[in-house]
Structure formats: C-alpha cells, structure tokens
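Working notes, structure below.
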Amino acid sequence: MSNLPQVSIYTDGACSGNPGPGGWGAILVSAGREKELSGGTESTTNNRMELTAAIEALAKLNTPCRVRLFSDSAYLINAFTLGWLEAWKRNGWKNSTRQVVSNLDLWKELDRLSLIHEIDWIKVKGHSGHEYNERCDALAVVRASEYAKPERIANES
C-alpha cells in the first residue's frame with residue numbers, strides 16, 4: 001500500500017450533438033472534503049469531454065497521489081485497463097487500423113498525468129443512480145447548455 005495521499009475522482013462528459021456544445025464535470029474527494037470542477041466548449045465531442053474531465057481533475061492534484069478514478073466512459077477506462085494506450089504508444093500513436101489515434105492531444109496529456117499518479121481506472125454504469133456520477137453528469141450538462149445556441153430563441157428574435 002502506498003503512502004501517497006488518497007483521492008477519489010469522479011468524472012463525466014456531455015455533448016449536445018456530436019459534435020456540438022459540450023461540457024465536463026469532475027468531483028475530487030479526499031480526506032472527507034469534496035471539490036467540484038466543470039467546464040465546457042462550443043463545439044466538441046462526447047469523447048473529448050470525457051477525457052477532458054479526467055485531465056482537468058488529475059491536473060488539480062498538487063502532488064503525486066493514489067487515485068481511484070471513476071468514469072462511465074468505456075473509451076477512457078478501457079484505454080488504460082485493456083492496454084489500448086500502451087499499444088497506441090508502441091505503434092507511434094496509431095490505432096489497430098493504422099490511423100492516428102483520435103483525440104491524440106488529450107491522450108498524450110492523460111498519458112503524461114498517469115505517470116505522475118498511481119491510478120486505478122474504474123468503470124461505473126452511467127445514469128444508474130450512482131451519486132457522484134449523477135452529480136458529474138449534471139455539472140457537465142449545465143456547462144454544455146451554457147454553450148448551446150437554441151434555434152428557437154434565434155428564430156424568435
């Protein structure tokens with residue numbers, strides 16, 4: 001068992017359209033304290049928001065930590081638990097079809113951050129009543145909605 005500080009991180013991403021306005025949410029829990037983080041952008045994809053949530057949360061840690069990172073994104077979790085990331089790196093950041101890995105900028109940053117911390121990547125079922133996952137989803141949806149430009153409002157102007 002590591003002597004590093006222990007942190008649980010919960011993340012989620014949301015996108016209205018794919019691509020479209022997107023948001024991400026994260027909650028860090030350590031020593032009985034919680035910190036909520038969220039952000040968004042005007043045009044993105046759900047996968048980019050899922051990865052961004054993990055990046056932003058890990059980047060907030062000021063020292064190496066023992067992290068349990070929970071996400072409902074199979075894309076994020078499987079890259080680490082099924083060895084996809086290591087295979088991509090071995091293959092010059094190319095996937096099994098020899099194409100450059102999608103979201104390469106974000107994967108490289110996640111790879112860098114994952115070398116700083118001891119991380120357990122844990123898949124949770126989305127929209128199943130998991131308290132922190134639901135809270136992260138709500139944060140992400142609110143932030144995505146801030147970037148949405150409803151056609152209805154534009155047509156009424």
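Chain identifiers are assigned as A, B, and so on, following the order in which chains appear in the structure tokens; residues are numbered from 1 within each chain, and ligands are numbered from 1 in order of appearance.
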
For this session: Show which residues sit within 12 Å of A:Trp93, as a ChimeraX atom specification. Count only C-alpha atoms, and ignore same-chain residues fewer than 3 positions away.
Result: /A:84-90,96-108,111

Contact table stretch 29-70 of chain A vs stretch 113-135 of chain A, cut-off 8 Å, shortest pair per residue, only C-alpha atoms, as a tab-separated table:
residue	atom	partner	partner_atom	distance
A:Ile55	CA	A:Leu113	CA	7.5
A:Leu58	CA	A:Leu113	CA	6.7
A:Ala59	CA	A:Leu113	CA	7.2
A:Pro64	CA	A:His117	CA	5.0
A:Cys65	CA	A:His117	CA	5.2
A:Arg66	CA	A:Glu118	CA	4.8
A:Val67	CA	A:Ile119	CA	4.6
A:Arg68	CA	A:Asp120	CA	4.8
A:Leu69	CA	A:Trp121	CA	5.1
A:Phe70	CA	A:Ile122	CA	4.8

Problem set entry | Polymer residues at most 12 Å from A:Ala144, only C-alpha atoms, same-chain spacing of 2 or more positions, as a ChimeraX atom specification | /A:12-25,38-46,49,137-142,146-150

For this session: Can you work out the spacing between atom CA of A:Lys60 and atom CA of A:Gly92 in Å, to one decimal?
Result: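 Pair atom CA of A:Lys60 / atom CA of A:Gly92 returns 28.5 Å.
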
Exercise. Using only C-alpha atoms, which residue out of A:Lys94, A:Leu37, A:Ala31, A:Arg143 lies closest to A:Glu56?
Worked result: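 Of all the options, A:Leu37 lies closest to A:Glu56.
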
Exercise. To one decimal place, how far is atom CA of A:Asp72 from atom CA of A:Ala53 in Å?
Worked result: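 Going from atom CA of A:Asp72 over to atom CA of A:Ala53, I get 11.6 Å.
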